[in-house]
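The structure appears below as structure tokens.
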Amino acid sequence: MENTTNQDKSKNQSRNGLYQTMWRWHFYAGIIFAPFLIILAFSGAVYLFKPQIESYLYQDLYYVDETNAATLSVNGQAEKIRLQYPDAVITGVSVYDEEDRTFKFSTMQDGQAVNVFVDPYSGKVLGDLPVEKELMTVFMKLHSELLVGGTVANRLVELAACWAIILILTGLYIWWPRNRTSIWGTVLPRLRSKGRVFWRDMHAVPAFWLSIGLLVLILTGLPWSGVMGEQINRIATATNTGYPAFSFSFGPKPQSGAVTKDVAENVPWAAENVPVPSSVNNQYVPLTLNEAAGIAEMRGIQKPYTISMPQGEAGVFTIAASHSKPFDNATLHVDQYSGAVLTDVRYADYGFMGKAITLGIALHEGKLFGLANQLLGLLLCIGLIGMMVSSLIMWRKRKPQNGLGAPGRNVDIKIKRAVTIIMLLLGLVMPLVGISIIVVLILDKLVFVRIKRLKAWLG
């Protein structure tokens, strides 16, 4: 009987030790990354409604008042721009499917990217808009690089997103009900409670309901990231599950090593790294924009699509359609002299990873199933912000005056080591997480222990 009691006591201690260790990881990750996750959720919530917001803000540039059957050719519209902006270099044009939508020409003016909008019926240039000043450009930069820009900011965003996965997983372990008959505080909040209990439920219960959706939202955003994104690209390329092998059918890779995302706009994810071929028949006169648009129509490219101009004498026209309906995605490279289509990659040609990630990105951006997709994304973003805010309030309520208020660390060293090993294994999948854990462990062993006040404050 005594042995049974000791075994039960040992199991309880191990269970409590694991709980404390998980809570400690969850606590520190939340304290460090909550502000970044709030920024990502807020900027992402706004960016979800990019089509509606831009259509409202720039309606004078985006839409025309009167339409008729005859439209001015793309060449004719380009000529109007050259007359009004003699120093501008046209780099591409976007063609839309709405009859009352203007054509958007991408230009470079004094080293700055500027979009110029033309009425396709009258040929009138309605105005221009520097890309850097577009509201959605600001929110995109906030979402991807915290407005600061550069590699460090981009990696910090990726690090926060990866740690959010660990926050969700450790949070689910902490949430898991010890009393299986209780639904209050687990699947339903105790709204009549006060203080820390109320805020704990406001944090834990929504986190449970939204956990799967948030994991999907985070995972579908990682293909854009710097480190994880490159890993995903390499795996897709090595396994031939990204863009198709026939993307190389035009011959050897160009000496420049350029890929499609370097020379064109609005390229589908699965085709971003398709190597760019070279135009070789340079004894001919280059094609016009009209002829490039004609090839897009002849090939059945669904609007909207973007035609990017050749870069240099060996460059190619790139016709790209990255759709709200991913099944209509297309990427074409066209010889600028002969009009030969050197590459033609559609959604049906993607490998398994390419198709899955393309659908995931559309879901992430709120494009996959229209307004319902946008509202679902908005719910997840608001939920994430609410969870972060409630966790910070909960922390402030339990935080001692002279300390951080971290959960206790008097736990069996074997448990702590086992959890640390699990975290490092997750770090193999998410390299930035692994590096950050190693850095923290080194600081903990070599720095924190030597500064008594800091050690006491950290708990």
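Simple scheme: letters A, B, ... for chains in structure tokens order, numbers from 1 for residues in each chain, numbers from 1 for ligands in the order shown.
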
- Task: Run DSSP on the backbone of this structure and report the residues of region 56-223 of chain A it assigns to strand (DSSP E or B), as a PyMOL selection string.
- Result: chain A and resi 63+89-95+101+103-109+112-118+125-130+184+188

Next, write the just-selected residues to a file, as a CSV table (one decimal), in the first residue's frame, keeping N, CA, C and O atoms as the atom set.
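Below is the file part-v2.csv, written as the result:
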```csv
chain,number,residue,atom,x,y,z
A,63,TYR,N,-11.1,53.1,-61.3
A,63,TYR,CA,-12.3,52.8,-62.1
A,63,TYR,C,-12.6,54.0,-63.0
A,63,TYR,O,-12.3,55.1,-62.7
A,89,VAL,N,10.2,54.8,-67.3
A,89,VAL,CA,10.4,53.6,-68.0
A,89,VAL,C,9.3,52.6,-67.6
A,89,VAL,O,9.1,52.3,-66.4
A,90,ILE,N,8.6,52.1,-68.6
A,90,ILE,CA,7.5,51.2,-68.3
A,90,ILE,C,8.1,49.8,-68.1
A,90,ILE,O,8.8,49.3,-69.0
A,91,THR,N,7.7,49.2,-67.0
A,91,THR,CA,8.3,47.9,-66.6
A,91,THR,C,7.2,46.8,-66.7
A,91,THR,O,7.5,45.6,-66.7
A,92,GLY,N,6.0,47.2,-66.8
A,92,GLY,CA,4.9,46.2,-66.9
A,92,GLY,C,3.5,46.8,-66.9
A,92,GLY,O,3.4,48.0,-66.8
A,93,VAL,N,2.5,45.9,-67.2
A,93,VAL,CA,1.2,46.4,-67.2
A,93,VAL,C,0.3,45.3,-66.7
A,93,VAL,O,0.5,44.1,-66.9
A,94,SER,N,-0.7,45.7,-65.9
A,94,SER,CA,-1.7,44.8,-65.3
A,94,SER,C,-3.0,45.0,-66.0
A,94,SER,O,-3.5,46.1,-66.1
A,95,VAL,N,-3.6,43.8,-66.5
A,95,VAL,CA,-4.9,43.8,-67.2
A,95,VAL,C,-5.9,43.2,-66.3
A,95,VAL,O,-5.7,42.0,-65.8
A,101,ARG,N,-12.6,48.8,-65.0
A,101,ARG,CA,-11.3,48.9,-64.4
A,101,ARG,C,-10.3,49.5,-65.3
A,101,ARG,O,-10.2,49.2,-66.5
A,103,PHE,N,-6.3,50.3,-66.7
A,103,PHE,CA,-5.1,49.5,-66.8
A,103,PHE,C,-4.0,50.1,-65.9
A,103,PHE,O,-3.9,51.4,-65.8
A,104,LYS,N,-3.3,49.3,-65.2
A,104,LYS,CA,-2.3,49.8,-64.3
A,104,LYS,C,-0.9,49.5,-64.9
A,104,LYS,O,-0.5,48.3,-65.2
A,105,PHE,N,-0.2,50.6,-65.2
A,105,PHE,CA,1.2,50.4,-65.8
A,105,PHE,C,2.2,50.6,-64.7
A,105,PHE,O,2.2,51.6,-63.9
A,106,SER,N,3.1,49.7,-64.5
A,106,SER,CA,4.2,49.8,-63.6
A,106,SER,C,5.4,50.6,-64.3
A,106,SER,O,5.8,50.2,-65.4
A,107,THR,N,5.8,51.6,-63.6
A,107,THR,CA,6.9,52.4,-64.2
A,107,THR,C,8.0,52.7,-63.1
A,107,THR,O,7.8,52.5,-61.9
A,108,MET,N,9.2,53.0,-63.7
A,108,MET,CA,10.3,53.5,-62.8
A,108,MET,C,10.5,55.0,-63.1
A,108,MET,O,10.7,55.3,-64.3
A,109,GLN,N,10.4,55.8,-62.1
A,109,GLN,CA,10.6,57.3,-62.3
A,109,GLN,C,11.6,57.8,-61.3
A,109,GLN,O,11.3,57.7,-60.1
A,112,GLN,N,12.3,55.4,-58.6
A,112,GLN,CA,11.1,55.1,-57.7
A,112,GLN,C,10.1,54.3,-58.5
A,112,GLN,O,9.8,54.7,-59.6
A,113,ALA,N,9.5,53.3,-57.9
A,113,ALA,CA,8.4,52.5,-58.5
A,113,ALA,C,7.1,53.3,-58.4
A,113,ALA,O,6.7,53.6,-57.3
A,114,VAL,N,6.5,53.6,-59.5
A,114,VAL,CA,5.3,54.4,-59.6
A,114,VAL,C,4.3,53.7,-60.5
A,114,VAL,O,4.6,53.3,-61.6
A,115,ASN,N,3.1,53.5,-60.0
A,115,ASN,CA,2.0,52.9,-60.8
A,115,ASN,C,1.2,54.1,-61.5
A,115,ASN,O,0.9,55.0,-60.8
A,116,VAL,N,1.0,53.9,-62.8
A,116,VAL,CA,0.2,54.9,-63.5
A,116,VAL,C,-1.0,54.3,-64.1
A,116,VAL,O,-1.0,53.2,-64.6
A,117,PHE,N,-2.2,55.0,-64.0
A,117,PHE,CA,-3.4,54.4,-64.3
A,117,PHE,C,-4.0,55.1,-65.5
A,117,PHE,O,-4.1,56.3,-65.6
A,118,VAL,N,-4.5,54.3,-66.5
A,118,VAL,CA,-5.0,54.8,-67.8
A,118,VAL,C,-6.4,54.3,-68.0
A,118,VAL,O,-6.7,53.1,-67.9
A,125,VAL,N,-4.8,59.5,-69.1
A,125,VAL,CA,-4.0,59.1,-67.9
A,125,VAL,C,-4.6,59.8,-66.7
A,125,VAL,O,-4.7,61.0,-66.5
A,126,LEU,N,-5.2,58.9,-65.8
A,126,LEU,CA,-6.0,59.4,-64.7
A,126,LEU,C,-5.1,59.8,-63.5
A,126,LEU,O,-5.6,60.5,-62.6
A,127,GLY,N,-3.9,59.4,-63.4
A,127,GLY,CA,-3.0,59.8,-62.3
A,127,GLY,C,-2.0,58.7,-62.0
A,127,GLY,O,-1.9,57.7,-62.7
A,128,ASP,N,-1.1,59.0,-61.0
A,128,ASP,CA,-0.1,58.0,-60.6
A,128,ASP,C,-0.1,57.9,-59.1
A,128,ASP,O,-0.6,58.7,-58.4
A,129,LEU,N,0.6,56.8,-58.7
A,129,LEU,CA,0.6,56.5,-57.3
A,129,LEU,C,1.9,55.8,-57.0
A,129,LEU,O,2.1,54.6,-57.4
A,130,PRO,N,2.8,56.4,-56.2
A,130,PRO,CA,4.1,55.8,-55.9
A,130,PRO,C,3.8,54.5,-55.0
A,130,PRO,O,3.0,54.6,-54.1
A,184,TRP,N,-16.0,24.1,-17.5
A,184,TRP,CA,-15.8,25.6,-17.3
A,184,TRP,C,-14.3,25.9,-17.1
A,184,TRP,O,-13.6,25.2,-16.4
A,188,LEU,N,-15.6,26.4,-22.0
A,188,LEU,CA,-16.4,27.5,-21.8
A,188,LEU,C,-15.8,28.4,-20.7
A,188,LEU,O,-15.3,27.9,-19.7
```

- With only C-alpha atoms as the basis for distance, which of A:Leu359, A:Ala245, A:Leu40, A:Val197 is at the shortest distance from Ser390 (chain A)?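 Smallest separation from Ser390 (chain A) among the options: A:Val197.
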
- Task: Check the smallest atom-to-atom distance from each of A:Ala238, A:Val341, A:Ile53, A:Ala314 to Met298 (chain A) using only C-alpha atoms, then report the winner.
- Result: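 Of the candidates, the smallest distance to Met298 (chain A) is held by A:Val341.
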
- Name the residues of region 394-453 of chain A that fall into helix (DSSP H, G or I) according to DSSP on the backbone, using the chain letters and numbers of this document, as number ranges by chain. A: 394-398, 413-429, 431-446, 448-450, 452-453

- Item | Selected residue of minimal separation from Lys399 (chain A) among A:Ala264, A:Ala204, A:Leu458, A:Ile183, counting only C-alpha atoms | A:Leu458

- May I ask for the distance between CA of Tyr56 (chain A) and CA of Leu380 (chain A), given in Å to one decimal place?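 Straight-line distance from CA of Tyr56 (chain A) to CA of Leu380 (chain A) works out to 24.3 Å.
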
- Find the residue from A:Gln302, A:Thr170, A:Ser55, A:Thr186 that sits nearest to Met136 (chain A); use only C-alpha atoms when measuring.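 Counting only C-alpha atoms, the residue closest to Met136 (chain A) is A:Ser55.
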
- Item | Spatial neighbours of Ala406 (chain A), 8 Å, only C-alpha atoms, chain gap at least 6 places, as a PyMOL selection string | chain A and resi 24+27-28+458-459

Write the selection just made, keeping N, CA and C atoms, as a PDB file, in the first residue's frame?
```pdb
ATOM      1  N   ARG A  24       6.635  27.350 -18.052  1.00  0.00           N
ATOM      2  CA  ARG A  24       7.770  28.285 -18.059  1.00  0.00           C
ATOM      3  C   ARG A  24       8.162  28.645 -19.491  1.00  0.00           C
ATOM      4  N   PHE A  27       5.452  30.799 -20.884  1.00  0.00           N
ATOM      5  CA  PHE A  27       5.486  32.133 -20.271  1.00  0.00           C
ATOM      6  C   PHE A  27       6.529  33.017 -20.938  1.00  0.00           C
ATOM      7  N   TYR A  28       7.764  32.534 -21.005  1.00  0.00           N
ATOM      8  CA  TYR A  28       8.840  33.359 -21.571  1.00  0.00           C
ATOM      9  C   TYR A  28       8.603  33.666 -23.050  1.00  0.00           C
ATOM     10  N   LEU A 458      14.555  37.505 -13.164  1.00  0.00           N
ATOM     11  CA  LEU A 458      14.069  36.537 -14.142  1.00  0.00           C
ATOM     12  C   LEU A 458      13.394  35.345 -13.481  1.00  0.00           C
ATOM     13  N   GLY A 459      13.712  35.116 -12.224  1.00  0.00           N
ATOM     14  CA  GLY A 459      13.119  33.954 -11.526  1.00  0.00           C
ATOM     15  C   GLY A 459      13.803  32.676 -11.878  1.00  0.00           C
TER      16      GLY A 459
END
```

- Item | Proximity to Pro51 (chain A) - best of A:Thr420, A:Ser324, A:Gln336, A:Ser391, only C-alpha atoms |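 Looking at the shortest contact to Pro51 (chain A), the residue is A:Ser324.
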
- Query: By how many Å are CA of Asn273 (chain A) and CA of Val259 (chain A) apart?
  - Reply: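 A separation of 5.0 Å between them.
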
- Item | Pick from A:Met388, A:Glu365, A:Leu371, A:Ile413, whichever lies nearest to Ala45 (chain A) using only C-alpha atoms |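 Nearest candidate to Ala45 (chain A) out of A:Met388, A:Glu365, A:Leu371, A:Ile413: A:Glu365.
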
- Task: Quick one: pull the distance between CA of Glu145 (chain A) and CA of Ile38 (chain A), Å, one decimal.
- Result: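 Atom-to-atom, CA of Glu145 (chain A) and CA of Ile38 (chain A) are spaced 13.9 Å apart.
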
Which residues of region 229-306 of chain A come within 12 Å of region 421-435 of chain A, and for each one, what is the closest pair of atoms and their distance in Å to one decimal, counting only C-alpha atoms, sorted by chain and residue number, as a tab-separated table?
```
residue	atom	partner	partner_atom	distance
A:Gly229	CA	A:Met430	CA	10.4
A:Glu230	CA	A:Pro431	CA	11.4
A:Gln231	CA	A:Val429	CA	9.4
A:Ile232	CA	A:Val429	CA	10.6
```

How would the residues just chosen look if you wrote them out with all heavy atoms as an mmCIF file, in the first residue's frame?
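Output file selection-v3.cif is given in full below:
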```cif
data_model
loop_
_atom_site.group_PDB
_atom_site.id
_atom_site.type_symbol
_atom_site.label_atom_id
_atom_site.label_comp_id
_atom_site.auth_asym_id
_atom_site.auth_seq_id
_atom_site.Cartn_x
_atom_site.Cartn_y
_atom_site.Cartn_z
ATOM 1 N N GLY A 229 11.092 29.464 -45.614
ATOM 2 C CA GLY A 229 10.656 29.528 -47.002
ATOM 3 C C GLY A 229 11.677 28.931 -47.946
ATOM 4 O O GLY A 229 11.332 28.188 -48.879
ATOM 5 N N GLU A 230 12.963 29.241 -47.699
ATOM 6 C CA GLU A 230 14.021 28.678 -48.544
ATOM 7 C C GLU A 230 14.112 27.170 -48.368
ATOM 8 O O GLU A 230 14.343 26.440 -49.328
ATOM 9 C CB GLU A 230 15.364 29.338 -48.210
ATOM 10 C CG GLU A 230 15.512 30.749 -48.756
ATOM 11 C CD GLU A 230 15.357 30.797 -50.276
ATOM 12 O OE1 GLU A 230 15.979 29.960 -50.966
ATOM 13 O OE2 GLU A 230 14.603 31.652 -50.773
ATOM 14 N N GLN A 231 13.928 26.707 -47.115
ATOM 15 C CA GLN A 231 13.934 25.258 -46.876
ATOM 16 C C GLN A 231 12.807 24.570 -47.634
ATOM 17 O O GLN A 231 13.009 23.530 -48.263
ATOM 18 C CB GLN A 231 13.771 24.984 -45.373
ATOM 19 C CG GLN A 231 15.041 25.122 -44.564
ATOM 20 C CD GLN A 231 14.856 24.568 -43.160
ATOM 21 O OE1 GLN A 231 13.817 24.728 -42.540
ATOM 22 N NE2 GLN A 231 15.876 23.913 -42.652
ATOM 23 N N ILE A 232 11.627 25.165 -47.563
ATOM 24 C CA ILE A 232 10.466 24.597 -48.261
ATOM 25 C C ILE A 232 10.712 24.566 -49.762
ATOM 26 O O ILE A 232 10.408 23.578 -50.441
ATOM 27 C CB ILE A 232 9.192 25.402 -47.916
ATOM 28 C CG1 ILE A 232 8.829 25.214 -46.439
ATOM 29 C CG2 ILE A 232 8.022 24.987 -48.801
ATOM 30 C CD1 ILE A 232 7.781 26.185 -45.935
#
```

- Item | Non-local contacts of Ala70 (chain A) (12 Å; only C-alpha atoms; under 6 positions in same chain excluded) as a list in words | Glu99, Asp119, Pro120, Tyr121, Ser122 and Gly123 of chain A

Can you write just those residues out, N, CA, C and O atoms, as a PDB file, in the first residue's frame?
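Ended up saving to part13.pdb:
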```
ATOM      1  N   GLU A  99     -14.915  45.443 -66.557  1.00  0.00           N
ATOM      2  CA  GLU A  99     -15.016  46.360 -67.692  1.00  0.00           C
ATOM      3  C   GLU A  99     -14.725  47.799 -67.306  1.00  0.00           C
ATOM      4  O   GLU A  99     -14.246  48.581 -68.125  1.00  0.00           O
ATOM      5  N   ASP A 119      -7.278  55.220 -68.459  1.00  0.00           N
ATOM      6  CA  ASP A 119      -8.628  54.858 -68.908  1.00  0.00           C
ATOM      7  C   ASP A 119      -8.483  54.146 -70.252  1.00  0.00           C
ATOM      8  O   ASP A 119      -8.038  54.764 -71.235  1.00  0.00           O
ATOM      9  N   PRO A 120      -8.836  52.852 -70.337  1.00  0.00           N
ATOM     10  CA  PRO A 120      -8.596  52.118 -71.591  1.00  0.00           C
ATOM     11  C   PRO A 120      -9.535  52.537 -72.721  1.00  0.00           C
ATOM     12  O   PRO A 120      -9.293  52.178 -73.876  1.00  0.00           O
ATOM     13  N   TYR A 121     -10.568  53.304 -72.422  1.00  0.00           N
ATOM     14  CA  TYR A 121     -11.530  53.712 -73.449  1.00  0.00           C
ATOM     15  C   TYR A 121     -11.140  55.052 -74.065  1.00  0.00           C
ATOM     16  O   TYR A 121     -11.111  55.206 -75.282  1.00  0.00           O
ATOM     17  N   SER A 122     -10.795  56.009 -73.211  1.00  0.00           N
ATOM     18  CA  SER A 122     -10.430  57.335 -73.714  1.00  0.00           C
ATOM     19  C   SER A 122      -8.930  57.499 -73.883  1.00  0.00           C
ATOM     20  O   SER A 122      -8.472  58.401 -74.595  1.00  0.00           O
ATOM     21  N   GLY A 123      -8.156  56.657 -73.201  1.00  0.00           N
ATOM     22  CA  GLY A 123      -6.702  56.799 -73.228  1.00  0.00           C
ATOM     23  C   GLY A 123      -6.193  57.859 -72.283  1.00  0.00           C
ATOM     24  O   GLY A 123      -4.992  58.145 -72.242  1.00  0.00           O
TER      25      GLY A 123
END
```
